[in-house]
Each structure stands twice: as C-alpha cells, then as structure tokens.
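As stored in upload02.cif (mmCIF, C-alpha atoms):
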data_my_file
loop_
_atom_site.label_atom_id
_atom_site.label_comp_id
_atom_site.auth_asym_id
_atom_site.auth_seq_id
_atom_site.Cartn_x
_atom_site.Cartn_y
_atom_site.Cartn_z
CA MET A 1 -45.44 -24.01 45.94
CA LYS A 2 -43.92 -20.53 45.61
CA LYS A 3 -45.11 -17.14 46.81
CA LEU A 4 -43.95 -14.32 44.55
CA ILE A 5 -44.19 -10.82 45.99
CA TYR A 6 -44.22 -7.93 43.52
CA SER A 7 -44.29 -4.15 43.64
CA LEU A 8 -45.99 -1.99 41.01
CA PRO A 9 -46.82 1.73 40.82
CA ALA A 10 -50.44 2.17 41.91
CA PRO A 11 -51.60 3.96 38.70
CA LEU A 12 -50.55 0.89 36.66
CA PHE A 13 -52.08 -1.77 38.86
CA GLU A 14 -55.53 -1.80 37.26
CA LEU A 15 -53.97 -2.21 33.83
CA PHE A 16 -51.97 -5.15 35.16
CA ILE A 17 -55.16 -6.76 36.50
CA VAL A 18 -56.97 -6.41 33.18
CA GLU A 19 -54.02 -7.79 31.24
CA PHE A 20 -54.39 -11.04 33.19
CA ASN A 21 -58.18 -11.05 33.04
CA GLY A 22 -58.64 -11.01 36.81
CA TYR A 23 -55.33 -12.71 37.72
CA GLY A 24 -55.53 -14.61 41.00
CA ILE A 25 -53.47 -12.44 43.34
CA GLU A 26 -53.37 -11.28 46.96
CA ILE A 27 -52.96 -7.55 47.67
CA LEU A 28 -50.57 -7.15 50.61
CA ALA A 29 -50.34 -3.36 50.76
CA ARG A 30 -51.77 -0.50 48.73
CA ASP A 31 -51.55 3.27 48.81
CA GLU A 32 -51.73 6.04 46.23
CA ASN A 33 -48.14 5.41 45.11
CA GLU A 34 -47.55 1.65 45.24
CA VAL A 35 -49.28 -1.73 45.28
CA VAL A 36 -47.50 -4.73 46.79
CA PHE A 37 -49.11 -8.03 45.85
CA ALA A 38 -48.46 -11.77 45.95
CA VAL A 39 -48.89 -14.40 43.27
CA TYR A 40 -48.89 -18.10 44.16
CA ALA A 41 -47.53 -20.70 41.74
CA GLN A 42 -46.93 -24.43 41.67
CA ASP A 43 -43.25 -25.28 41.18
CA GLU A 44 -43.82 -26.67 37.69
CA GLU A 45 -45.57 -23.50 36.49
CA LEU A 46 -43.28 -21.03 38.28
CA GLU A 47 -41.11 -20.00 35.35
CA GLY A 48 -44.10 -19.61 33.03
CA ILE A 49 -45.93 -17.34 35.45
CA LYS A 50 -42.83 -15.27 36.23
CA GLY A 51 -42.18 -14.86 32.51
CA ALA A 52 -45.75 -13.81 31.82
CA ILE A 53 -45.69 -11.22 34.61
CA ASN A 54 -42.35 -9.87 33.43
CA GLU A 55 -43.78 -9.43 29.92
CA VAL A 56 -46.57 -7.25 31.30
CA PHE A 57 -44.12 -5.28 33.42
CA GLU A 58 -42.08 -4.62 30.27
CA GLU A 59 -45.19 -3.38 28.48
CA LEU A 60 -46.08 -1.13 31.41
CA GLY A 61 -42.50 0.07 31.87
CA ALA A 62 -42.52 -0.68 35.61
CA GLY A 63 -42.89 -3.42 38.20
CA SER A 64 -40.44 -5.60 40.11
CA LEU A 65 -40.15 -8.88 42.03
CA ILE A 66 -39.42 -8.18 45.70
CA LEU A 67 -39.32 -11.65 47.22
CA GLU A 68 -39.73 -15.32 46.29
CA GLU A 69 -40.42 -17.82 49.06
CA ASP A 70 -41.56 -21.41 49.55
CA ILE A 71 -45.11 -22.08 50.79
CA PRO A 72 -46.17 -25.48 52.18
CA GLU A 73 -48.73 -27.07 49.88
CA GLU A 74 -51.29 -27.68 52.61
CA ASN A 75 -51.24 -24.01 53.60
CA TRP A 76 -51.98 -23.01 50.01
CA GLU A 77 -55.05 -25.21 49.77
CA GLU A 78 -56.38 -24.05 53.13
CA LYS A 79 -55.85 -20.43 52.13
CA TRP A 80 -58.05 -20.87 49.06
CA LYS A 81 -60.71 -22.69 51.05
CA GLU A 82 -60.80 -19.89 53.60
CA ASN A 83 -60.79 -16.97 51.18
CA PHE A 84 -62.51 -18.14 48.01
CA LYS A 85 -66.24 -18.04 48.70
CA PRO A 86 -69.02 -18.49 46.12
CA ILE A 87 -69.60 -15.36 44.05
CA GLU A 88 -73.10 -14.78 42.70
CA ILE A 89 -73.23 -13.01 39.34
CA PRO A 90 -76.69 -13.93 38.03
CA PRO A 91 -77.40 -16.08 36.17
CA PHE A 92 -74.09 -17.64 37.31
CA ILE A 93 -72.49 -18.53 40.61
CA ILE A 94 -68.69 -18.93 40.72
CA ILE A 95 -67.62 -21.71 43.10
CA PRO A 96 -64.27 -23.35 43.97
CA GLU A 97 -63.76 -26.87 42.71
CA TRP A 98 -64.30 -28.51 46.11
CA GLU A 99 -67.83 -27.15 46.52
CA VAL A 100 -71.08 -28.58 45.21
CA TYR A 101 -73.86 -26.15 44.35
CA GLN A 102 -77.09 -27.33 45.94
CA GLY A 103 -79.45 -24.78 44.41
CA ASN A 104 -81.13 -24.74 41.02
CA GLU A 105 -81.73 -21.03 40.40
CA LEU A 106 -78.16 -20.21 39.32
CA ILE A 107 -75.69 -21.85 36.92
CA PRO A 108 -72.52 -23.04 38.71
CA VAL A 109 -69.10 -22.32 37.21
CA LYS A 110 -66.25 -24.13 39.00
CA LEU A 111 -62.65 -22.88 39.15
CA LYS A 112 -59.66 -24.97 40.21
CA ILE A 113 -57.51 -24.34 43.27
CA GLY A 114 -54.16 -22.79 42.44
CA MET A 115 -55.18 -21.50 39.05
CA ALA A 116 -52.99 -18.74 37.67
CA PHE A 117 -55.69 -16.62 36.10
CA GLY A 118 -59.14 -15.10 36.63
CA THR A 119 -61.15 -15.66 39.79
CA GLY A 120 -64.33 -13.86 38.83
CA LEU A 121 -63.68 -11.15 41.41
CA HIS A 122 -62.64 -8.32 39.13
CA PRO A 123 -65.36 -5.88 38.01
CA THR A 124 -64.67 -6.48 34.32
CA THR A 125 -65.17 -10.24 34.73
CA GLN A 126 -68.41 -9.67 36.63
CA ILE A 127 -69.63 -7.24 33.99
CA MET A 128 -68.88 -9.75 31.23
CA LEU A 129 -70.65 -12.58 33.06
CA SER A 130 -73.77 -10.46 33.51
CA LEU A 131 -73.82 -9.54 29.83
CA ILE A 132 -73.15 -13.12 28.71
CA GLY A 133 -76.14 -14.26 30.75
CA GLU A 134 -78.35 -11.80 28.90
CA PHE A 135 -77.08 -11.98 25.34
CA VAL A 136 -75.62 -15.47 24.72
CA LYS A 137 -78.17 -18.10 23.75
CA LYS A 138 -78.19 -21.86 23.28
CA GLY A 139 -76.70 -22.86 19.94
CA ASP A 140 -74.74 -19.62 19.45
CA ARG A 141 -71.22 -19.81 18.04
CA VAL A 142 -69.02 -17.80 20.43
CA VAL A 143 -65.35 -16.85 20.48
CA ASP A 144 -63.70 -15.65 23.69
CA ILE A 145 -60.63 -13.53 22.86
CA GLY A 146 -58.11 -13.30 25.70
CA THR A 147 -59.77 -16.11 27.62
CA GLY A 148 -57.47 -16.18 30.70
CA SER A 149 -58.85 -18.84 33.05
CA GLY A 150 -61.64 -19.58 30.58
CA ILE A 151 -64.31 -18.37 32.99
CA LEU A 152 -66.22 -16.42 30.31
CA ALA A 153 -65.93 -19.22 27.78
CA ILE A 154 -67.19 -21.73 30.36
CA ALA A 155 -70.14 -19.49 31.24
CA ALA A 156 -71.12 -19.26 27.56
CA ALA A 157 -70.77 -23.02 27.15
CA LYS A 158 -72.96 -23.60 30.21
CA LEU A 159 -75.69 -21.68 28.39
CA GLY A 160 -75.44 -24.11 25.49
CA ALA A 161 -73.17 -22.12 23.16
CA GLU A 162 -70.48 -23.64 20.95
CA VAL A 163 -67.32 -21.92 22.23
CA TYR A 164 -63.84 -21.27 20.87
CA ALA A 165 -61.36 -19.64 23.28
CA VAL A 166 -57.97 -18.08 22.53
CA ASP A 167 -55.18 -16.43 24.50
CA VAL A 168 -51.62 -15.38 23.67
CA GLN A 169 -50.28 -17.02 26.85
CA GLU A 170 -49.76 -20.77 26.95
CA GLU A 171 -50.39 -20.83 30.70
CA ALA A 172 -53.84 -19.32 30.17
CA VAL A 173 -54.66 -21.90 27.49
CA ARG A 174 -53.75 -24.69 29.90
CA GLU A 175 -55.91 -23.18 32.64
CA CYS A 176 -58.81 -22.80 30.21
CA ARG A 177 -58.62 -26.47 29.24
CA GLU A 178 -58.40 -27.66 32.85
CA ASN A 179 -61.30 -25.50 34.00
CA ALA A 180 -63.40 -26.58 31.02
CA TRP A 181 -62.79 -30.21 31.97
CA GLU A 182 -63.68 -29.46 35.60
CA ASN A 183 -66.99 -27.95 34.44
CA GLU A 184 -67.73 -30.78 32.01
CA VAL A 185 -68.05 -28.48 29.01
CA ASP A 186 -66.45 -28.85 25.59
CA ILE A 187 -64.38 -25.78 24.69
CA LYS A 188 -61.68 -25.54 22.04
CA CYS A 189 -58.85 -23.57 23.71
CA GLU A 190 -55.87 -22.46 21.60
CA ARG A 191 -52.90 -20.14 21.79
CA LYS A 192 -53.64 -17.37 19.32
CA SER A 193 -53.72 -13.58 19.19
CA ALA A 194 -56.84 -11.53 18.50
CA LEU A 195 -55.60 -10.66 15.02
CA GLU A 196 -55.15 -14.34 14.19
CA VAL A 197 -58.78 -15.21 14.92
CA GLN A 198 -60.79 -15.81 11.76
CA GLY A 199 -64.33 -16.97 11.13
CA ASP A 200 -67.94 -15.95 11.53
CA TYR A 201 -69.36 -16.04 15.05
CA ASP A 202 -72.70 -15.12 16.54
CA THR A 203 -71.01 -13.41 19.48
CA VAL A 204 -67.49 -12.23 20.28
CA LEU A 205 -66.34 -11.88 23.90
CA ALA A 206 -63.36 -9.60 24.55
CA ASN A 207 -62.31 -8.55 28.04
CA LEU A 208 -59.14 -6.68 27.08
CA GLN A 209 -57.34 -3.48 27.97
CA ILE A 210 -57.66 -0.38 25.83
CA ASP A 211 -54.14 -0.71 24.36
CA ILE A 212 -55.10 -4.05 22.84
CA PHE A 213 -58.42 -2.71 21.55
CA ARG A 214 -56.51 0.07 19.78
CA GLU A 215 -54.66 -2.56 17.77
CA THR A 216 -57.42 -5.13 17.30
CA PHE A 217 -60.88 -3.53 17.49
CA ASP A 218 -61.26 -3.09 13.73
CA HIS A 219 -60.49 -6.77 13.21
CA ILE A 220 -62.61 -8.02 16.11
CA SER A 221 -65.60 -5.99 14.96
CA GLY A 222 -65.72 -7.99 11.73
CA LEU A 223 -66.00 -11.39 13.40
CA PHE A 224 -69.56 -11.33 14.77
CA ARG A 225 -73.12 -11.56 13.41
CA LYS A 226 -75.14 -10.77 16.54
CA TYR A 227 -73.18 -9.20 19.38
CA LEU A 228 -69.76 -7.93 20.37
CA ILE A 229 -69.45 -7.99 24.18
CA VAL A 230 -66.46 -6.12 25.59
CA SER A 231 -65.02 -4.90 28.88
CA GLY A 232 -61.66 -3.91 30.37
CA ILE A 233 -62.46 -0.23 29.88
CA TYR A 234 -61.42 2.00 32.79
CA ARG A 235 -62.54 5.59 33.33
CA ASP A 236 -64.58 7.84 31.08
CA LYS A 237 -61.62 8.69 28.84
CA GLU A 238 -61.21 5.07 27.76
CA LYS A 239 -64.98 4.71 27.46
CA GLN A 240 -65.18 7.59 24.99
CA GLU A 241 -62.25 6.22 23.01
CA LEU A 242 -63.89 2.80 22.71
CA LEU A 243 -67.20 4.32 21.63
CA LYS A 244 -65.37 6.19 18.87
CA MET A 245 -63.83 2.90 17.70
CA ALA A 246 -67.30 1.38 17.59
CA GLU A 247 -68.73 4.33 15.68
CA LYS A 248 -65.90 4.09 13.15
CA ASN A 249 -66.90 0.46 12.53
CA ASN A 250 -70.63 1.30 12.30
CA LEU A 251 -71.43 -0.51 15.54
CA LYS A 252 -74.23 0.55 17.85
CA PRO A 253 -74.15 0.15 21.66
CA VAL A 254 -77.23 -1.72 22.87
CA LYS A 255 -76.20 -2.13 26.52
CA GLU A 256 -73.73 -0.52 28.92
CA LEU A 257 -72.76 -1.66 32.42
CA SER A 258 -70.34 -0.10 34.88
CA LYS A 259 -68.91 -1.19 38.20
CA LYS A 260 -66.34 -0.05 40.74
CA GLU A 261 -63.85 -2.43 42.29
CA GLU A 262 -65.12 -3.45 45.72
CA GLY A 263 -63.32 -1.71 48.55
CA MET A 264 -61.31 0.46 46.19
CA GLU A 265 -61.60 4.14 45.43
CA GLY A 266 -61.43 5.39 41.88
CA GLU A 267 -63.44 5.56 38.73
CA GLU A 268 -65.59 2.88 37.21
CA TRP A 269 -64.92 -0.01 34.86
CA TYR A 270 -67.19 -0.29 31.82
CA GLY A 271 -68.60 -3.03 29.63
CA PHE A 272 -70.62 -2.79 26.42
CA VAL A 273 -72.68 -4.85 24.05
CA PHE A 274 -72.47 -3.70 20.44
CA THR A 275 -74.41 -4.79 17.40
CA GLY A 276 -74.02 -3.78 13.82
CA LYS A 277 -75.81 -6.59 12.09
CA GLN A 278 -79.35 -7.84 11.91
CA VAL A 279 -80.16 -9.73 15.15
CA HIS A 280 -82.29 -12.80 14.55
#

Target encoding structure tokens, full file:
Amino acid sequence: MKKLIYSLPAPLFELFIVEFNGYGIEILARDENEVVFAVYAQDEELEGIKGAINEVFEELGAGSLILEEDIPEENWEEKWKENFKPIEIPPFIIIPEWEVYQGNELIPVKLKIGMAFGTGLHPTTQIMLSLIGEFVKKGDRVVDIGTGSGILAIAAAKLGAEVYAVDVQEEAVRECRENAWENEVDIKCERKSALEVQGDYDTVLANLQIDIFRETFDHISGLFRKYLIVSGIYRDKEKQELLKMAEKNNLKPVKELSKKEEGMEGEEWYGFVFTGKQVH
C-alpha cells in the first residue's frame, strides 16, 4: 500500500475533486493558497492512479507529487473502518463493504475498502443521489456518463433500472465493476467517452465538470427521453452557463438542488434535472 501526498493550488482543488467524481482522498492541510492531500493506492494500481492524477494536473496546469511512502496494509483497513461511517442520502444509505444495513427504510449502497474513486461524500455526488431517488424509476434505461466508482449507477440499479456506465479511465471502470458485484447488481461498465455514447435512454446521469459539459452537452442532451440529471456545477457563473446550454438545446429545468461542501467555505455546488421530451 502506498500513500501519495500531493499539493495543488486551492482555487483548482474543487475542479480536481469533480474530475474524479468524489475521489477518495484525505485532506492534510488547506488554506486559501494551497491544498495538501493524500491518496492511498494498492501496489498493483499505483501506476494507474498516479497516471490518472497527472493527467488531471496537466489539464489544470498545476499540481505536484510531494511524497510517496509505504503504508502497512492493516493500518489502511483500520483507517477506513474508523473514518468511513454510513452516509444517509435518502432514499439511499452509503455503507462500507464490511457493514450490514439492519434497517428497511433506506436502500443500502456498499463501497469497497481501498477504492480509488467516489465515496459519496462530495456535494455533487449527494445531489445526484437525491435526484436519482426522485426521478429514476423501475424499468428505466439509464446511462451514467463519467461513472467513477459507479456509485450513481449502482443507486439507479438498486431502484430497478437497467444501467449502462461509462468512464474514460480504466481504473474507474474496474472500480465500477467491483462495486456493482459487491452490491449484487448487474451493470454494464465500459471505457468510453461521453461523445462515444450512443443510444436512446430514459435518463442520462452526468456528474461532470463544466469544461466537459462545454464539449459534450449538445451530444448528451440528445440521448434521453425522460430526464437529464447533471451536477458538478460550481458557483453561479457555471450555473448560468449550464442553463444557457440547456436553453440552446430546448431543455427545461424541472428541479434544482444546491449544496455546500461540509466544513468548507465558498460558494455552492449545483445539480439539475432537465426535460425536453414528453414524460410518460
């Protein structure tokens, strides 16, 4: 097990988080200028994770690896057991793989220890889960674009939807498949970009950053029959830009949610549900 410690300018940190769909990280230090954070990786996935992070740093034009150190395996597992507590996002509850949900009022979604991607903690993930619970129905055909850990795809499948999940990163595809297996749901997970997705779906899920929406929104907006559910939008400026994209494609917002990151100052993250077709 390796602990990778990175430094990134504070204004770029939220974009980094969204790029990895709630990447499982530990913030070590944070001020208005810099964020220092740690990423944990199994030895066999180390190079893949380092490469994926470096790709994002290149896109952002900043970011560096400060330190790489060995972590005893038993310490890693205990760390997750101490810090990863169940997260209630009705109608779902996110639990680590070692826990068994005893209740019956919420739908459990399990995530594996040591996963590289989303934990369900980021506001955009929570917004998406809330909207999925309201707008995805049993029997719907759903595509999750930029699936990350697969948490959104799994949530939709738990509601009885037929789900297809894609991500440009092979590591994310692997995590999606493993988490789907852990949750005993059938999800087709593939490596594919948003622009490569074809077909006709009831609902499209897209938790992406605004830069990706600029390139793909026109295409994504033509893939759904009922709803387009999106998040990854930070601050009012991005919100207004996304709404203009939707208007250009004759889409109408039917729901908006916003949320601030817990314990952090700053503006809000936004999520939307759009429709442009007849809802049956």

Discussion item. Report, in Å to a single decimal, how far apart atom CA of Ile151 of chain A and atom CA of Val136 of chain A are.
Written reply: 14.3 Å

Fill in: the PyMOL selection byres ((chain A and resi 102-108) around 7) applied to the shown file, residues as a ChimeraX atom specification
/A:90-95,100-101,109-110

Worksheet item: Just so the selection is clear, what residues does the PyMOL selection byres ((chain A and resi 146) around 12) cover here, as a PyMOL selection string?
Response: chain A and resi 18-22+117-118+125+143-145+147-153+164-173+176+189-197+204-209+212-213+216+220+230-232

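Of the residues under consideration (A:Glu267, A:Ile53, A:Ile25, A:Asp70), A:Glu267 shows the shortest atom-to-atom contact distance to Pro11 of chain A when counting all atoms listed in the file.
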
Practice prompt. Could you state which residues are captured by the PyMOL selection byres ((chain A and resi 245) around 12) in this file, as a PyMOL selection string?
Written response: chain A and resi 210+213-221+238-244+246-253+274

Item to complete: Quick one: pull the distance between atom CA of Gln126 of chain A and atom CA of Leu111 of chain A, Å, one decimal.
Response: 14.6 Å

Fill in: Between atom CA of Ala10 of chain A and atom CA of Pro72 of chain A - distance in Å to one decimal
29.8 Å

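Considering all atoms listed in the file, the residue among A:Ile89, A:Glu44, A:Arg174, A:Lys2 positioned nearest to Ile127 of chain A is A:Ile89.
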
Response to the item:
If you count all atoms listed in the file, the residue of A:Gly61, A:Pro9, A:Gly199, A:Gly160 closest to Glu34 of chain A turns out to be A:Pro9

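Distance annotation: of A:Glu268, A:Glu97, A:Glu26, A:Asp31, the residue with the minimal separation from Lys85 of chain A is A:Glu97; atom set is all atoms listed in the file.
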
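Using only C-alpha atoms, the set of residues no farther than 9 Å from the position (-71.0, -12.5, 10.1) comprises Gly199, Asp200, Tyr201, Asp202, Gly222, Leu223, Phe224, Arg225, Lys226 and Lys277 of chain A.
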
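In this comparison, which uses all atoms listed in the file, the residue of A:Leu4, A:Ile27, A:Phe16, A:Glu134 approaching Asp43 of chain A most closely is A:Leu4.
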
Discussion item. Can you tell me which residues surround Ala62 of chain A at a distance of at most 9 Å, considering only C-alpha atoms, apart from same-chain residues fewer than 5 positions away, and format the answer as a ChimeraX atom specification?
Written reply: /A:7-9,12,56-57

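For the choices A:Val273, A:Ala52, A:Leu60, A:Ala38, the atom-to-atom distance to Phe13 of chain A is smallest for A:Leu60 when using only C-alpha atoms.
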
Taking N, CA and C atoms as the atom set, what does segment 125-151 of chain A look like once completed, written as a PDB file, keeping the file's coordinate frame?
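The resulting rebuild15.pdb:
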ATOM      1  N   THR A 125     -64.685  -8.864  34.865  1.00  0.00           N
ATOM      2  CA  THR A 125     -65.170 -10.240  34.730  1.00  0.00           C
ATOM      3  C   THR A 125     -66.629 -10.327  35.114  1.00  0.00           C
ATOM      4  N   GLN A 126     -67.008  -9.647  36.186  1.00  0.00           N
ATOM      5  CA  GLN A 126     -68.410  -9.670  36.630  1.00  0.00           C
ATOM      6  C   GLN A 126     -69.315  -9.000  35.596  1.00  0.00           C
ATOM      7  N   ILE A 127     -68.856  -7.906  35.024  1.00  0.00           N
ATOM      8  CA  ILE A 127     -69.630  -7.240  33.990  1.00  0.00           C
ATOM      9  C   ILE A 127     -69.849  -8.183  32.800  1.00  0.00           C
ATOM     10  N   MET A 128     -68.783  -8.834  32.374  1.00  0.00           N
ATOM     11  CA  MET A 128     -68.880  -9.750  31.230  1.00  0.00           C
ATOM     12  C   MET A 128     -69.840 -10.901  31.520  1.00  0.00           C
ATOM     13  N   LEU A 129     -69.763 -11.472  32.715  1.00  0.00           N
ATOM     14  CA  LEU A 129     -70.650 -12.580  33.060  1.00  0.00           C
ATOM     15  C   LEU A 129     -72.113 -12.146  33.031  1.00  0.00           C
ATOM     16  N   SER A 130     -72.392 -10.964  33.540  1.00  0.00           N
ATOM     17  CA  SER A 130     -73.770 -10.460  33.510  1.00  0.00           C
ATOM     18  C   SER A 130     -74.267 -10.301  32.081  1.00  0.00           C
ATOM     19  N   LEU A 131     -73.425  -9.759  31.219  1.00  0.00           N
ATOM     20  CA  LEU A 131     -73.820  -9.540  29.830  1.00  0.00           C
ATOM     21  C   LEU A 131     -73.942 -10.853  29.059  1.00  0.00           C
ATOM     22  N   ILE A 132     -73.067 -11.802  29.349  1.00  0.00           N
ATOM     23  CA  ILE A 132     -73.150 -13.120  28.710  1.00  0.00           C
ATOM     24  C   ILE A 132     -74.494 -13.764  29.057  1.00  0.00           C
ATOM     25  N   GLY A 133     -74.874 -13.665  30.322  1.00  0.00           N
ATOM     26  CA  GLY A 133     -76.140 -14.260  30.750  1.00  0.00           C
ATOM     27  C   GLY A 133     -77.336 -13.696  30.011  1.00  0.00           C
ATOM     28  N   GLU A 134     -77.236 -12.452  29.575  1.00  0.00           N
ATOM     29  CA  GLU A 134     -78.350 -11.800  28.900  1.00  0.00           C
ATOM     30  C   GLU A 134     -78.345 -11.993  27.385  1.00  0.00           C
ATOM     31  N   PHE A 135     -77.150 -12.046  26.795  1.00  0.00           N
ATOM     32  CA  PHE A 135     -77.080 -11.980  25.340  1.00  0.00           C
ATOM     33  C   PHE A 135     -76.615 -13.261  24.635  1.00  0.00           C
ATOM     34  N   VAL A 136     -76.046 -14.216  25.343  1.00  0.00           N
ATOM     35  CA  VAL A 136     -75.620 -15.470  24.720  1.00  0.00           C
ATOM     36  C   VAL A 136     -76.747 -16.495  24.872  1.00  0.00           C
ATOM     37  N   LYS A 137     -77.064 -17.140  23.771  1.00  0.00           N
ATOM     38  CA  LYS A 137     -78.170 -18.100  23.750  1.00  0.00           C
ATOM     39  C   LYS A 137     -77.685 -19.492  23.338  1.00  0.00           C
ATOM     40  N   LYS A 138     -78.491 -20.472  23.647  1.00  0.00           N
ATOM     41  CA  LYS A 138     -78.190 -21.860  23.280  1.00  0.00           C
ATOM     42  C   LYS A 138     -78.026 -21.981  21.773  1.00  0.00           C
ATOM     43  N   GLY A 139     -76.959 -22.658  21.362  1.00  0.00           N
ATOM     44  CA  GLY A 139     -76.700 -22.860  19.940  1.00  0.00           C
ATOM     45  C   GLY A 139     -75.853 -21.783  19.291  1.00  0.00           C
ATOM     46  N   ASP A 140     -75.579 -20.677  20.010  1.00  0.00           N
ATOM     47  CA  ASP A 140     -74.740 -19.620  19.450  1.00  0.00           C
ATOM     48  C   ASP A 140     -73.304 -20.112  19.261  1.00  0.00           C
ATOM     49  N   ARG A 141     -72.655 -19.603  18.229  1.00  0.00           N
ATOM     50  CA  ARG A 141     -71.220 -19.810  18.040  1.00  0.00           C
ATOM     51  C   ARG A 141     -70.499 -18.606  18.647  1.00  0.00           C
ATOM     52  N   VAL A 142     -69.647 -18.868  19.641  1.00  0.00           N
ATOM     53  CA  VAL A 142     -69.020 -17.800  20.430  1.00  0.00           C
ATOM     54  C   VAL A 142     -67.511 -17.957  20.405  1.00  0.00           C
ATOM     55  N   VAL A 143     -66.796 -16.846  20.301  1.00  0.00           N
ATOM     56  CA  VAL A 143     -65.350 -16.850  20.480  1.00  0.00           C
ATOM     57  C   VAL A 143     -64.999 -15.926  21.635  1.00  0.00           C
ATOM     58  N   ASP A 144     -64.159 -16.422  22.532  1.00  0.00           N
ATOM     59  CA  ASP A 144     -63.700 -15.650  23.690  1.00  0.00           C
ATOM     60  C   ASP A 144     -62.233 -15.284  23.447  1.00  0.00           C
ATOM     61  N   ILE A 145     -61.976 -14.008  23.196  1.00  0.00           N
ATOM     62  CA  ILE A 145     -60.630 -13.530  22.860  1.00  0.00           C
ATOM     63  C   ILE A 145     -59.936 -13.009  24.109  1.00  0.00           C
ATOM     64  N   GLY A 146     -58.793 -13.616  24.455  1.00  0.00           N
ATOM     65  CA  GLY A 146     -58.110 -13.300  25.700  1.00  0.00           C
ATOM     66  C   GLY A 146     -58.771 -14.017  26.852  1.00  0.00           C
ATOM     67  N   THR A 147     -58.896 -15.329  26.739  1.00  0.00           N
ATOM     68  CA  THR A 147     -59.770 -16.110  27.620  1.00  0.00           C
ATOM     69  C   THR A 147     -59.284 -16.201  29.059  1.00  0.00           C
ATOM     70  N   GLY A 148     -57.960 -16.064  29.323  1.00  0.00           N
ATOM     71  CA  GLY A 148     -57.470 -16.180  30.700  1.00  0.00           C
ATOM     72  C   GLY A 148     -57.785 -17.537  31.284  1.00  0.00           C
ATOM     73  N   SER A 149     -58.484 -17.580  32.399  1.00  0.00           N
ATOM     74  CA  SER A 149     -58.850 -18.840  33.050  1.00  0.00           C
ATOM     75  C   SER A 149     -59.913 -19.606  32.283  1.00  0.00           C
ATOM     76  N   GLY A 150     -60.547 -18.950  31.321  1.00  0.00           N
ATOM     77  CA  GLY A 150     -61.640 -19.580  30.580  1.00  0.00           C
ATOM     78  C   GLY A 150     -62.991 -19.355  31.217  1.00  0.00           C
ATOM     79  N   ILE A 151     -63.063 -18.533  32.250  1.00  0.00           N
ATOM     80  CA  ILE A 151     -64.310 -18.370  32.990  1.00  0.00           C
ATOM     81  C   ILE A 151     -65.450 -17.869  32.104  1.00  0.00           C
TER      82      ILE A 151
END
